[in-house]
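**Student:** Quick one: the structure is below, and I'll ask about it shortly.
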Amino acid sequence: MKQSFLILVSFLSVTMMQSQKVAVPISSYGVWDRGGGVKDYSDSKADFVLGIEVSATWAEVQPNGPGKFDFSEFQKVLDKAAKYHKIVKMSVNVGPNSPLWLYDNGVPLVKVISDKPEKHDKKFGNYPYYLNENHKRYYFELIKQFSLFLRSQPKNKFDCIAFVQVKTGATGDEAPYKGEPEDKKFAINKKTEWEKYRIEAFTQFKKYFNDVADRQIVLTFNNVDPVKHPIANKWVMNTIDPTIGFGIKGGAYNRGHHLTGEQSFKEQWNPYLINPKGMKLFSASEMDESWKKPIFNINTELGFYWSALSGINTGLSSYNCTKKAIQYAMEHPEIRDIFKMYNKYAQQVYPASATTAFSVFHEGLNAADTIKFPVKTFGQAKEKNLERYTNICNAYSSRGAKMDDLKAVSIGQVNQRERQKGYNDVGWDIAEGNYERFLTQINADKTSIGLFRVRGTLDKKSSKYDRFARAFENATGKNTMYFKFDDEMFATSNPKNLKFTITWLDKNAGSTWALQYKKGKEMKTALEVKGKGDNQWKSVTIDVSDMQLNHSGEFESDFTLVNTDSIDDIFNGIEVNIQRK
């Protein structure tokens, strides 16, 4: 996979006698400060930041030669974390970030022809020859000393260590070179030599961070998926002690929306991330600088809103934001509100204890879906078949669907973030339905219609809600939307109160709709709304304490949104805050 998405696997002890360091408690699921964006965590503007990420280069840790180590950058962050009760992800960048003295101590310096000259030439000039025994000796000593430094911390600071990311190559991408070496004798076969070298490094990390009598530290690994990296996958799966746990790196869907691969990623990983049965995963994704790219900045608030929801959709636990993104949010209350929404939603992991459920409305036109979009009607289901995307879009044009940058639809999620010039409403393997957690709209496409660009052209003045919505369609009899809570949510007892917040577009003067639920054998109306017609997005709230929560309504629903006239109302979504007894 091309995504950069951390998944931290944590296992429960099989007996009460076994203990395990909990890497990331659910209470810390949310936005983390990746690059030192917050100077003072007592600042009320930083109240959305729940964790800290810190990394230093090997050159910074060992600037003056072998035998001398400077971990002061990590110490500063641990001191701060302990003071403000945060937890920390840590890593050391090696490879091109190695100290220059290596090359005076028997390690060959490798010059590389960059695969992306515009990005890499200035940032990555020198590489070590990783397979050299001198390089291994110095690198493995770095791993040992880093472990000793962290494990020697006083308890209040050691307890702030969430996990350490294993890095063996160029940054965290786990490749030896960002390009090809000028001297071919330094080429490294990625499937054999490189994987063998990585296992050697993994073994050292395991030895010093896991295989210790106490103060074990959880590790995370990149590029250990079973298809592309079977050797590494077999090693981590069979070697890491399951009572400690380990991590892998995978997806990047908090960096935009309608990015290629989101739907299959969700299907593959969410069973381990949301209400897992057996193996439990923790996920973390770096925001990187995608938020500065042109497509994100058509409307920055809209970009952050839907990318945060896209992350939630794929089970994202930790949203690691760059320094400038954190600082931007601190100065823009609307972005802080989005991050606070993310924090709330990310912490809803188990339905039986959830305090919030939600359904944000969205219909994704997934060109890879041949059931919804048959080949005979729309064309061959191939990622590069641009005609298929156009045909699908044309079928939804009356609902606002457009393709602003057709060529970008098939270039992959990394290039989409970098180069796409506008929004595309059809994509390849994109998220298909609503963005939901423990609240499901039943038969969504059969009982409502998806809308795109709800109030016309999207620009800086648009609302974040304008991007997607769902509506009634009286002409086809779609006048009721049905919803149900997760089966486990209220299995043991009913809640004390449910607070519904429904966001809708007040488009038509005099239009009416209602929130209804079953009480006994009758339908009860909790809320009736009448529009003013000012074409503004509005939120209404209502408390409900007597809802019958046993899926006893039509289509096994718990409640409904009902069109009480013939005018088609438009909605962004529903959030339900739960007060448990």
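Following the order of the structure tokens, first chain is A, next is B, and so on, with residues numbered from 1 inside each chain and ligands from 1 in the order they appear.
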Please return as a PyMOL selection string: the residues of segment 42-210 of chain A that backbone DSSP assigns to helix (DSSP H, G or I).

**Tutor:** chain A and resi 44-46+58-61+72-84+95-97+100-104+117-120+133-151+155-158+184-186+193-210

**Student:** Please list as number ranges by chain every residue within 9 Å of Asn275 of chain A, counting only C-alpha atoms and excluding residues in the same chain fewer than 3 positions away.

**Tutor:** A: 270-272, 280, 348-351

**Student:** Considering only C-alpha atoms, return as a PyMOL selection string whatever protein or nucleic-acid residues lie within 10 Å of Thr377 of chain A, sequence-local ones (same chain, fewer than 5 positions apart) excluded.

**Tutor:** chain A and resi 370+388+391-392

**Student:** Would you kindly return, as number ranges by chain, each protein, DNA or RNA residue with an atom no farther than 6 Å from any atom of segment 45-59 of chain A, considering only C-alpha atoms and excluding same-chain residues fewer than 6 positions away?

**Tutor:** A: 28, 31-34, 86-94, 97-99, 330, 340

**Student:** Calculate how many Å separate atom CA of Gly30 of chain A from atom CA of Lys323 of chain A, rounding to one decimal.

**Tutor:** 15.8 Å

**Student:** Show me, as a VMD selection string, the residues that have an atom within 7 Å of segment 418-435 of chain A when counting only C-alpha atoms, minus same-chain residues fewer than 2 positions from it.

**Tutor:** chain A and resid 258 to 264 290 293 to 295 309 313 359 to 368 383 389 393 401 to 405 408 to 409 414 to 416

**Student:** Would you write out those residues with C-alpha atoms, as a PDB file, in the first residue's frame?

**Tutor:**
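Wrote it out as out03.pdb, contents follow:
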ATOM      1  CA  HIS A 258     -12.399  10.982  -2.328  1.00  0.00           C
ATOM      2  CA  LEU A 259      -8.856   9.648  -2.434  1.00  0.00           C
ATOM      3  CA  THR A 260      -8.237   6.394  -4.286  1.00  0.00           C
ATOM      4  CA  GLY A 261      -8.298   3.288  -2.090  1.00  0.00           C
ATOM      5  CA  GLU A 262     -10.326   4.569   0.857  1.00  0.00           C
ATOM      6  CA  GLN A 263     -13.173   2.070   0.525  1.00  0.00           C
ATOM      7  CA  SER A 264     -11.016  -1.065   0.398  1.00  0.00           C
ATOM      8  CA  SER A 290      -1.244  18.173   2.028  1.00  0.00           C
ATOM      9  CA  LYS A 293      -1.898  22.084  -1.585  1.00  0.00           C
ATOM     10  CA  PRO A 294      -4.199  23.812  -4.109  1.00  0.00           C
ATOM     11  CA  ILE A 295      -7.135  21.393  -3.875  1.00  0.00           C
ATOM     12  CA  LEU A 309     -14.346  12.616   8.491  1.00  0.00           C
ATOM     13  CA  ASN A 313     -14.334   6.632   8.181  1.00  0.00           C
ATOM     14  CA  SER A 359     -24.119   9.702  10.649  1.00  0.00           C
ATOM     15  CA  VAL A 360     -22.752  12.388   8.325  1.00  0.00           C
ATOM     16  CA  PHE A 361     -24.420  12.112   4.942  1.00  0.00           C
ATOM     17  CA  HIS A 362     -22.449  11.344   1.815  1.00  0.00           C
ATOM     18  CA  GLU A 363     -22.818   9.322  -1.345  1.00  0.00           C
ATOM     19  CA  GLY A 364     -19.536   8.373  -2.973  1.00  0.00           C
ATOM     20  CA  LEU A 365     -19.665   7.449  -6.638  1.00  0.00           C
ATOM     21  CA  ASN A 366     -17.201   4.573  -6.651  1.00  0.00           C
ATOM     22  CA  ALA A 367     -16.307   3.663 -10.219  1.00  0.00           C
ATOM     23  CA  ALA A 368     -14.856   0.355  -8.988  1.00  0.00           C
ATOM     24  CA  GLU A 383      -9.014   2.595 -13.102  1.00  0.00           C
ATOM     25  CA  TYR A 389     -16.021   8.211 -14.658  1.00  0.00           C
ATOM     26  CA  CYS A 393     -20.877  11.645 -13.308  1.00  0.00           C
ATOM     27  CA  ALA A 401     -21.995  15.962  -9.486  1.00  0.00           C
ATOM     28  CA  LYS A 402     -19.020  17.175 -11.536  1.00  0.00           C
ATOM     29  CA  MET A 403     -15.487  16.195 -12.440  1.00  0.00           C
ATOM     30  CA  ASP A 404     -13.264  19.262 -12.066  1.00  0.00           C
ATOM     31  CA  ASP A 405     -10.035  17.408 -12.883  1.00  0.00           C
ATOM     32  CA  ALA A 408      -6.393  13.267 -11.747  1.00  0.00           C
ATOM     33  CA  VAL A 409      -8.966  10.597 -10.990  1.00  0.00           C
ATOM     34  CA  VAL A 414      -0.508  10.633  -3.281  1.00  0.00           C
ATOM     35  CA  ASN A 415      -0.568  12.471  -6.610  1.00  0.00           C
ATOM     36  CA  GLN A 416      -4.203  13.463  -6.129  1.00  0.00           C
TER      37      GLN A 416
END

**Student:** Pick out the residues sitting within 8 Å of segment 123-139 of chain A, and hand them over as an NGL selection string; count only C-alpha atoms, and ignore anything fewer than 5 positions along from it in its own chain.

**Tutor:** :A and (66 or 95-98 or 102-103 or 105-112 or 176-178 or 186 or 197)

**Student:** Based on the selection just made, write all heavy atoms of those residues as a compact mmCIF listing (two decimals), in the first residue's frame.

**Tutor:**
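Written output follows (again_10.txt):
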# COMPACT_ATOMS: atom_id res chain seq x y z
N PRO A 66 31.38 8.93 17.20
CA PRO A 66 30.89 7.76 17.91
C PRO A 66 31.10 7.88 19.42
O PRO A 66 32.03 8.52 19.88
CB PRO A 66 31.73 6.62 17.32
CG PRO A 66 32.95 7.28 16.79
CD PRO A 66 32.52 8.63 16.33
N GLY A 95 19.34 6.89 7.77
CA GLY A 95 19.54 6.97 6.32
C GLY A 95 20.17 8.29 5.91
O GLY A 95 21.29 8.61 6.34
N PRO A 96 19.50 9.10 5.09
CA PRO A 96 20.06 10.37 4.62
C PRO A 96 20.23 11.39 5.75
O PRO A 96 20.87 12.42 5.55
CB PRO A 96 19.04 10.85 3.59
CG PRO A 96 17.76 10.19 3.99
CD PRO A 96 18.17 8.85 4.52
N ASN A 97 19.68 11.11 6.92
CA ASN A 97 19.81 11.99 8.07
C ASN A 97 20.89 11.51 9.04
O ASN A 97 20.91 11.88 10.20
CB ASN A 97 18.48 12.08 8.82
CG ASN A 97 17.37 12.69 7.96
OD1 ASN A 97 16.35 12.04 7.72
ND2 ASN A 97 17.57 13.90 7.49
N SER A 98 21.79 10.68 8.52
CA SER A 98 22.89 10.17 9.34
C SER A 98 23.97 11.23 9.50
O SER A 98 24.13 12.13 8.65
CB SER A 98 23.49 8.91 8.69
OG SER A 98 22.50 7.91 8.53
N LEU A 102 30.17 9.48 10.02
CA LEU A 102 30.12 8.08 9.60
C LEU A 102 31.07 7.82 8.43
O LEU A 102 31.73 6.78 8.35
CB LEU A 102 28.71 7.70 9.16
CG LEU A 102 27.64 7.33 10.20
CD1 LEU A 102 26.36 6.96 9.48
CD2 LEU A 102 28.11 6.21 11.09
N TYR A 103 31.11 8.81 7.51
CA TYR A 103 31.84 8.62 6.26
C TYR A 103 33.35 8.78 6.43
O TYR A 103 34.12 8.53 5.51
CB TYR A 103 31.29 9.57 5.21
CG TYR A 103 29.76 9.47 5.12
CD1 TYR A 103 28.95 10.55 5.45
CD2 TYR A 103 29.15 8.28 4.77
CE1 TYR A 103 27.56 10.45 5.40
CE2 TYR A 103 27.77 8.16 4.73
CZ TYR A 103 26.98 9.25 5.05
OH TYR A 103 25.62 9.13 5.03
N ASN A 105 34.59 7.11 9.04
CA ASN A 105 34.80 5.96 9.92
C ASN A 105 34.40 4.65 9.23
O ASN A 105 33.77 3.77 9.83
CB ASN A 105 34.03 6.13 11.22
CG ASN A 105 34.65 7.14 12.15
OD1 ASN A 105 35.44 6.80 13.03
ND2 ASN A 105 34.29 8.40 11.97
N GLY A 106 34.75 4.56 7.97
CA GLY A 106 34.62 3.29 7.27
C GLY A 106 33.27 3.01 6.63
O GLY A 106 33.04 1.90 6.14
N VAL A 107 32.36 4.00 6.61
CA VAL A 107 31.04 3.79 5.99
C VAL A 107 31.03 4.48 4.62
O VAL A 107 31.25 5.70 4.54
CB VAL A 107 29.91 4.37 6.86
CG1 VAL A 107 28.56 4.16 6.17
CG2 VAL A 107 29.93 3.72 8.24
N PRO A 108 30.82 3.76 3.55
CA PRO A 108 30.78 4.38 2.22
C PRO A 108 29.62 5.38 2.11
O PRO A 108 28.50 5.12 2.56
CB PRO A 108 30.56 3.20 1.28
CG PRO A 108 31.03 2.00 2.03
CD PRO A 108 30.70 2.29 3.46
N LEU A 109 29.92 6.53 1.50
CA LEU A 109 28.90 7.54 1.23
C LEU A 109 28.31 7.27 -0.15
O LEU A 109 29.05 7.10 -1.12
CB LEU A 109 29.50 8.94 1.30
CG LEU A 109 28.52 10.12 1.16
CD1 LEU A 109 29.08 11.34 1.90
CD2 LEU A 109 28.28 10.50 -0.30
N VAL A 110 27.01 7.23 -0.23
CA VAL A 110 26.32 6.90 -1.48
C VAL A 110 25.63 8.15 -2.02
O VAL A 110 24.79 8.76 -1.34
CB VAL A 110 25.27 5.78 -1.27
CG1 VAL A 110 24.58 5.43 -2.59
CG2 VAL A 110 25.93 4.55 -0.65
N LYS A 111 26.00 8.54 -3.23
CA LYS A 111 25.32 9.63 -3.92
C LYS A 111 24.15 9.04 -4.73
O LYS A 111 24.31 8.01 -5.39
CB LYS A 111 26.28 10.37 -4.85
CG LYS A 111 27.34 11.17 -4.11
CD LYS A 111 26.74 12.33 -3.35
CE LYS A 111 27.81 13.20 -2.69
NZ LYS A 111 27.21 14.34 -1.95
N VAL A 112 23.01 9.71 -4.68
CA VAL A 112 21.80 9.16 -5.28
C VAL A 112 21.22 10.10 -6.33
O VAL A 112 21.20 11.32 -6.14
CB VAL A 112 20.75 8.89 -4.17
CG1 VAL A 112 19.38 8.57 -4.76
CG2 VAL A 112 21.21 7.75 -3.27
N PRO A 176 15.61 2.25 1.08
CA PRO A 176 17.01 2.65 1.31
C PRO A 176 17.36 4.01 0.73
O PRO A 176 18.01 4.82 1.39
CB PRO A 176 17.80 1.52 0.64
CG PRO A 176 16.86 0.89 -0.33
CD PRO A 176 15.50 1.04 0.27
N TYR A 177 16.90 4.26 -0.51
CA TYR A 177 17.26 5.51 -1.19
C TYR A 177 16.02 6.15 -1.80
O TYR A 177 15.10 5.46 -2.22
CB TYR A 177 18.27 5.24 -2.31
CG TYR A 177 19.48 4.44 -1.92
CD1 TYR A 177 19.79 3.24 -2.59
CD2 TYR A 177 20.33 4.86 -0.91
CE1 TYR A 177 20.90 2.50 -2.25
CE2 TYR A 177 21.45 4.12 -0.56
CZ TYR A 177 21.74 2.94 -1.23
OH TYR A 177 22.85 2.21 -0.88
N LYS A 178 16.03 7.48 -1.86
CA LYS A 178 14.98 8.20 -2.59
C LYS A 178 15.48 8.39 -4.03
O LYS A 178 15.79 9.48 -4.48
CB LYS A 178 14.73 9.57 -1.94
CG LYS A 178 14.21 9.51 -0.51
CD LYS A 178 12.72 9.39 -0.47
CE LYS A 178 12.20 9.55 0.96
NZ LYS A 178 10.74 9.51 1.03
N PHE A 186 26.53 0.12 -5.10
CA PHE A 186 25.82 0.38 -3.85
C PHE A 186 24.32 0.13 -3.96
O PHE A 186 23.55 0.42 -3.04
CB PHE A 186 26.07 1.81 -3.37
CG PHE A 186 27.49 2.07 -2.99
CD1 PHE A 186 28.20 3.12 -3.58
CD2 PHE A 186 28.15 1.26 -2.08
CE1 PHE A 186 29.52 3.37 -3.24
CE2 PHE A 186 29.48 1.50 -1.74
CZ PHE A 186 30.16 2.55 -2.32
N TYR A 197 18.33 -6.86 5.77
CA TYR A 197 18.90 -5.80 6.60
C TYR A 197 17.86 -5.28 7.60
O TYR A 197 18.16 -5.05 8.78
CB TYR A 197 19.42 -4.66 5.73
CG TYR A 197 19.72 -3.41 6.50
CD1 TYR A 197 20.87 -3.30 7.28
CD2 TYR A 197 18.84 -2.32 6.46
CE1 TYR A 197 21.14 -2.15 7.99
CE2 TYR A 197 19.11 -1.16 7.18
CZ TYR A 197 20.26 -1.09 7.95
OH TYR A 197 20.52 0.05 8.67

**Student:** Determine, counting only C-alpha atoms, which protein, DNA and RNA residues have an atom within 7 Å of an atom of Phe483 of chain A; residues of the same chain fewer than 3 positions away are not included. Present the result as number ranges by chain.

**Tutor:** A: 439-442, 557-560

**Student:** Could you write out the selected residues, including N, CA, C and O atoms, as a PDB file, in the first residue's frame?

**Tutor:**
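What follows is the written file selection_32.pdb:
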ATOM      1  N   LEU A 439     -24.179   4.562  14.266  1.00  0.00           N
ATOM      2  CA  LEU A 439     -25.504   5.009  13.839  1.00  0.00           C
ATOM      3  C   LEU A 439     -25.578   4.835  12.329  1.00  0.00           C
ATOM      4  O   LEU A 439     -24.823   5.466  11.591  1.00  0.00           O
ATOM      5  N   THR A 440     -26.468   3.968  11.882  1.00  0.00           N
ATOM      6  CA  THR A 440     -26.520   3.589  10.474  1.00  0.00           C
ATOM      7  C   THR A 440     -27.816   4.056   9.828  1.00  0.00           C
ATOM      8  O   THR A 440     -28.902   3.850  10.391  1.00  0.00           O
ATOM      9  N   GLN A 441     -27.681   4.686   8.666  1.00  0.00           N
ATOM     10  CA  GLN A 441     -28.876   4.961   7.869  1.00  0.00           C
ATOM     11  C   GLN A 441     -29.196   3.702   7.079  1.00  0.00           C
ATOM     12  O   GLN A 441     -28.361   3.186   6.334  1.00  0.00           O
ATOM     13  N   ILE A 442     -30.402   3.216   7.226  1.00  0.00           N
ATOM     14  CA  ILE A 442     -30.817   1.955   6.610  1.00  0.00           C
ATOM     15  C   ILE A 442     -31.217   2.196   5.154  1.00  0.00           C
ATOM     16  O   ILE A 442     -32.006   3.084   4.858  1.00  0.00           O
ATOM     17  N   SER A 557     -35.687  -0.122  12.283  1.00  0.00           N
ATOM     18  CA  SER A 557     -35.140   1.185  12.645  1.00  0.00           C
ATOM     19  C   SER A 557     -35.434   1.527  14.103  1.00  0.00           C
ATOM     20  O   SER A 557     -36.321   0.942  14.727  1.00  0.00           O
ATOM     21  N   ASP A 558     -34.663   2.492  14.632  1.00  0.00           N
ATOM     22  CA  ASP A 558     -34.915   3.044  15.967  1.00  0.00           C
ATOM     23  C   ASP A 558     -35.597   4.408  15.893  1.00  0.00           C
ATOM     24  O   ASP A 558     -36.324   4.784  16.803  1.00  0.00           O
ATOM     25  N   PHE A 559     -35.314   5.168  14.814  1.00  0.00           N
ATOM     26  CA  PHE A 559     -35.991   6.457  14.618  1.00  0.00           C
ATOM     27  C   PHE A 559     -35.939   6.819  13.144  1.00  0.00           C
ATOM     28  O   PHE A 559     -35.229   6.178  12.351  1.00  0.00           O
ATOM     29  N   THR A 560     -36.681   7.845  12.774  1.00  0.00           N
ATOM     30  CA  THR A 560     -36.756   8.258  11.371  1.00  0.00           C
ATOM     31  C   THR A 560     -36.743   9.778  11.243  1.00  0.00           C
ATOM     32  O   THR A 560     -37.141  10.494  12.162  1.00  0.00           O
TER      33      THR A 560
END

**Student:** As a compact mmCIF listing (two decimals) with N, CA, C and O atoms, in the first residue's frame, please: every residue in segment 384-519 of chain A that DSSP puts in strand (DSSP E or B).

**Tutor:**
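So the final result, stored in selection.txt, reads:
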# COMPACT_ATOMS: atom_id res chain seq x y z
N MET A 403 -16.88 16.62 -12.45
CA MET A 403 -15.49 16.19 -12.44
C MET A 403 -14.65 17.41 -12.80
O MET A 403 -14.54 17.78 -13.97
N ASN A 424 -13.46 16.10 -7.51
CA ASN A 424 -14.06 15.07 -8.36
C ASN A 424 -15.10 14.31 -7.56
O ASN A 424 -14.83 13.86 -6.44
N VAL A 426 -16.71 11.55 -8.70
CA VAL A 426 -16.57 10.12 -8.98
C VAL A 426 -15.09 9.79 -8.76
O VAL A 426 -14.22 10.59 -9.09
N GLY A 427 -14.84 8.61 -8.18
CA GLY A 427 -13.45 8.23 -7.95
C GLY A 427 -13.29 6.73 -8.01
O GLY A 427 -14.26 5.99 -8.17
N TYR A 435 -20.53 8.75 6.36
CA TYR A 435 -19.48 8.62 7.35
C TYR A 435 -20.17 8.42 8.69
O TYR A 435 -20.77 9.36 9.24
N GLU A 436 -20.09 7.21 9.24
CA GLU A 436 -20.92 6.84 10.38
C GLU A 436 -20.11 6.14 11.47
O GLU A 436 -19.11 5.49 11.19
N ARG A 437 -20.59 6.25 12.69
CA ARG A 437 -20.05 5.46 13.81
C ARG A 437 -21.21 5.11 14.72
O ARG A 437 -21.78 5.98 15.41
N PHE A 438 -21.56 3.86 14.74
CA PHE A 438 -22.59 3.29 15.62
C PHE A 438 -24.00 3.82 15.34
O PHE A 438 -24.91 3.59 16.14
N LEU A 439 -24.18 4.56 14.27
CA LEU A 439 -25.50 5.01 13.84
C LEU A 439 -25.58 4.83 12.33
O LEU A 439 -24.82 5.47 11.59
N THR A 440 -26.47 3.97 11.88
CA THR A 440 -26.52 3.59 10.47
C THR A 440 -27.82 4.06 9.83
O THR A 440 -28.90 3.85 10.39
N GLN A 441 -27.68 4.69 8.67
CA GLN A 441 -28.88 4.96 7.87
C GLN A 441 -29.20 3.70 7.08
O GLN A 441 -28.36 3.19 6.33
N ILE A 442 -30.40 3.22 7.23
CA ILE A 442 -30.82 1.95 6.61
C ILE A 442 -31.22 2.20 5.15
O ILE A 442 -32.01 3.08 4.86
N ILE A 449 -31.62 10.66 -1.47
CA ILE A 449 -30.70 10.86 -2.59
C ILE A 449 -29.47 11.64 -2.13
O ILE A 449 -29.56 12.54 -1.29
N GLY A 450 -28.32 11.26 -2.66
CA GLY A 450 -27.11 11.99 -2.36
C GLY A 450 -26.98 13.24 -3.21
O GLY A 450 -27.36 13.23 -4.39
N LEU A 451 -26.49 14.31 -2.62
CA LEU A 451 -26.30 15.58 -3.32
C LEU A 451 -24.84 15.99 -3.26
O LEU A 451 -24.12 15.66 -2.32
N PHE A 452 -24.40 16.74 -4.26
CA PHE A 452 -23.04 17.23 -4.36
C PHE A 452 -23.07 18.73 -4.63
O PHE A 452 -23.96 19.22 -5.30
N PHE A 468 -21.26 17.76 0.47
CA PHE A 468 -22.14 16.61 0.28
C PHE A 468 -23.36 16.74 1.18
O PHE A 468 -23.31 17.40 2.22
N ALA A 469 -24.44 16.06 0.82
CA ALA A 469 -25.64 16.04 1.65
C ALA A 469 -26.54 14.91 1.17
O ALA A 469 -26.28 14.27 0.15
N ARG A 470 -27.61 14.69 1.91
CA ARG A 470 -28.69 13.81 1.46
C ARG A 470 -30.01 14.56 1.58
O ARG A 470 -30.15 15.46 2.42
N ALA A 471 -30.97 14.15 0.74
CA ALA A 471 -32.26 14.84 0.72
C ALA A 471 -33.39 13.85 0.50
O ALA A 471 -33.19 12.74 0.00
N GLU A 473 -36.74 12.86 -1.65
CA GLU A 473 -37.13 13.02 -3.05
C GLU A 473 -38.59 12.59 -3.17
O GLU A 473 -38.91 11.43 -3.42
N LYS A 478 -39.44 9.00 -1.79
CA LYS A 478 -38.41 8.92 -0.76
C LYS A 478 -38.63 10.03 0.27
O LYS A 478 -38.00 11.08 0.23
N THR A 480 -38.95 9.27 3.78
CA THR A 480 -38.58 8.84 5.12
C THR A 480 -37.17 8.27 5.10
O THR A 480 -36.85 7.42 4.27
N MET A 481 -36.34 8.73 6.02
CA MET A 481 -35.00 8.18 6.22
C MET A 481 -35.01 7.40 7.53
O MET A 481 -35.45 7.91 8.56
N TYR A 482 -34.48 6.18 7.49
CA TYR A 482 -34.54 5.26 8.63
C TYR A 482 -33.15 5.08 9.24
O TYR A 482 -32.16 4.93 8.52
N PHE A 483 -33.10 5.03 10.58
CA PHE A 483 -31.83 4.93 11.27
C PHE A 483 -31.90 3.94 12.42
O PHE A 483 -32.95 3.80 13.07
N LYS A 484 -30.77 3.29 12.68
CA LYS A 484 -30.70 2.42 13.86
C LYS A 484 -29.32 2.53 14.49
O LYS A 484 -28.31 2.78 13.83
N PHE A 485 -29.30 2.33 15.82
CA PHE A 485 -28.05 2.31 16.56
C PHE A 485 -27.43 0.92 16.49
O PHE A 485 -28.10 -0.07 16.21
N ASN A 497 -30.53 9.64 28.59
CA ASN A 497 -30.98 10.67 27.65
C ASN A 497 -30.18 10.60 26.36
O ASN A 497 -29.00 10.22 26.36
N LEU A 498 -30.85 10.93 25.27
CA LEU A 498 -30.20 11.07 23.97
C LEU A 498 -30.41 12.50 23.48
O LEU A 498 -31.55 12.97 23.39
N LYS A 499 -29.31 13.18 23.18
CA LYS A 499 -29.41 14.54 22.66
C LYS A 499 -29.11 14.51 21.17
O LYS A 499 -27.98 14.26 20.76
N PHE A 500 -30.13 14.75 20.36
CA PHE A 500 -30.00 14.75 18.91
C PHE A 500 -29.63 16.15 18.41
O PHE A 500 -30.24 17.15 18.84
N THR A 501 -28.64 16.20 17.53
CA THR A 501 -28.33 17.44 16.80
C THR A 501 -28.42 17.11 15.32
O THR A 501 -27.68 16.26 14.81
N ILE A 502 -29.34 17.80 14.63
CA ILE A 502 -29.57 17.54 13.21
C ILE A 502 -29.22 18.82 12.44
O ILE A 502 -29.73 19.89 12.73
N THR A 503 -28.31 18.68 11.48
CA THR A 503 -27.89 19.82 10.67
C THR A 503 -28.57 19.73 9.31
O THR A 503 -28.48 18.69 8.63
N TRP A 504 -29.25 20.81 8.92
CA TRP A 504 -30.06 20.79 7.70
C TRP A 504 -29.97 22.13 6.99
O TRP A 504 -29.55 23.14 7.56
N LEU A 505 -30.35 22.15 5.72
CA LEU A 505 -30.32 23.37 4.91
C LEU A 505 -31.73 23.94 4.84
O LEU A 505 -32.64 23.30 4.31
N ASP A 506 -31.91 25.14 5.37
CA ASP A 506 -33.21 25.81 5.36
C ASP A 506 -33.40 26.49 4.00
O ASP A 506 -33.25 27.69 3.86
N THR A 512 -41.56 21.51 5.79
CA THR A 512 -41.63 20.89 7.12
C THR A 512 -41.05 19.48 7.10
O THR A 512 -41.15 18.76 6.11
N TRP A 513 -40.44 19.11 8.21
CA TRP A 513 -39.95 17.76 8.42
C TRP A 513 -39.96 17.46 9.92
O TRP A 513 -40.11 18.38 10.74
N ALA A 514 -39.81 16.19 10.27
CA ALA A 514 -39.92 15.81 11.67
C ALA A 514 -38.98 14.66 12.02
O ALA A 514 -38.60 13.86 11.15
N LEU A 515 -38.61 14.59 13.29
CA LEU A 515 -37.90 13.45 13.86
C LEU A 515 -38.92 12.62 14.64
O LEU A 515 -39.59 13.13 15.54
N GLN A 516 -39.04 11.36 14.27
CA GLN A 516 -40.04 10.49 14.89
C GLN A 516 -39.40 9.19 15.36
O GLN A 516 -38.38 8.75 14.83
N TYR A 517 -40.02 8.57 16.36
CA TYR A 517 -39.55 7.28 16.86
C TYR A 517 -40.72 6.49 17.41
O TYR A 517 -41.79 7.03 17.68
N LYS A 518 -40.51 5.21 17.57
CA LYS A 518 -41.59 4.34 18.02
C LYS A 518 -41.64 4.31 19.54
O LYS A 518 -40.63 4.13 20.22
N LYS A 519 -42.84 4.47 20.07
CA LYS A 519 -43.10 4.39 21.51
C LYS A 519 -44.28 3.45 21.68
O LYS A 519 -45.42 3.80 21.37

**Student:** One decimal, Å: what's the distance from atom CA of Glu387 of chain A over to atom CA of Lys407 of chain A, could you say?

**Tutor:** 10.7 Å

**Student:** Return the single residue from A:Phe71, A:Phe490, A:Trp306, A:Phe146 that is closest to Thr355 of chain A, with distances computed using only C-alpha atoms.

**Tutor:**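 Under the stated criterion, the closest residue is A:Phe490.
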
**Student:** Using only C-alpha atoms, find the one residue out of A:Asp173, A:Lys144, A:Met287, A:Pro230 that sits nearest to Lys207 of chain A.

**Tutor:**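 Distance minimum relative to Lys207 of chain A lands on A:Lys144.
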
**Student:** Determine, using only C-alpha atoms, which residues of segment 309-386 of chain A have any atom at most 9 Å from an atom of segment 281-286 of chain A, and tabulate each with its shortest atom pair and distance in Å to one decimal place, rows ordered by chain and then rising number, as a Markdown table.

**Tutor:**
| residue | atom | partner | partner_atom | distance |
| --- | --- | --- | --- | --- |
| A:Gly311 | CA | A:Ser285 | CA | 8.4 |
| A:Gly315 | CA | A:Ser283 | CA | 7.2 |
| A:Leu316 | CA | A:Ser283 | CA | 5.3 |
| A:Ser317 | CA | A:Ser283 | CA | 4.9 |
| A:Ser318 | CA | A:Ala284 | CA | 4.2 |
| A:Tyr319 | CA | A:Ser285 | CA | 5.5 |
| A:Asn320 | CA | A:Glu286 | CA | 4.6 |
| A:Cys321 | CA | A:Glu286 | CA | 6.1 |
| A:Thr322 | CA | A:Glu286 | CA | 7.7 |

**Student:** Mind pulling up the distance from atom CA of Gly456 of chain A to atom CA of Thr476 of chain A?

**Tutor:**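 Computing it gives 23.3 Å between the two atoms.
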
**Student:** Check the smallest atom-to-atom distance from each of A:Ala346, A:Ala509, A:Val562, A:Leu302 to Ser448 of chain A using only C-alpha atoms, then report the winner.

**Tutor:**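 Of A:Ala346, A:Ala509, A:Val562, A:Leu302, the one nearest Ser448 of chain A, counting only C-alpha atoms, is A:Val562.
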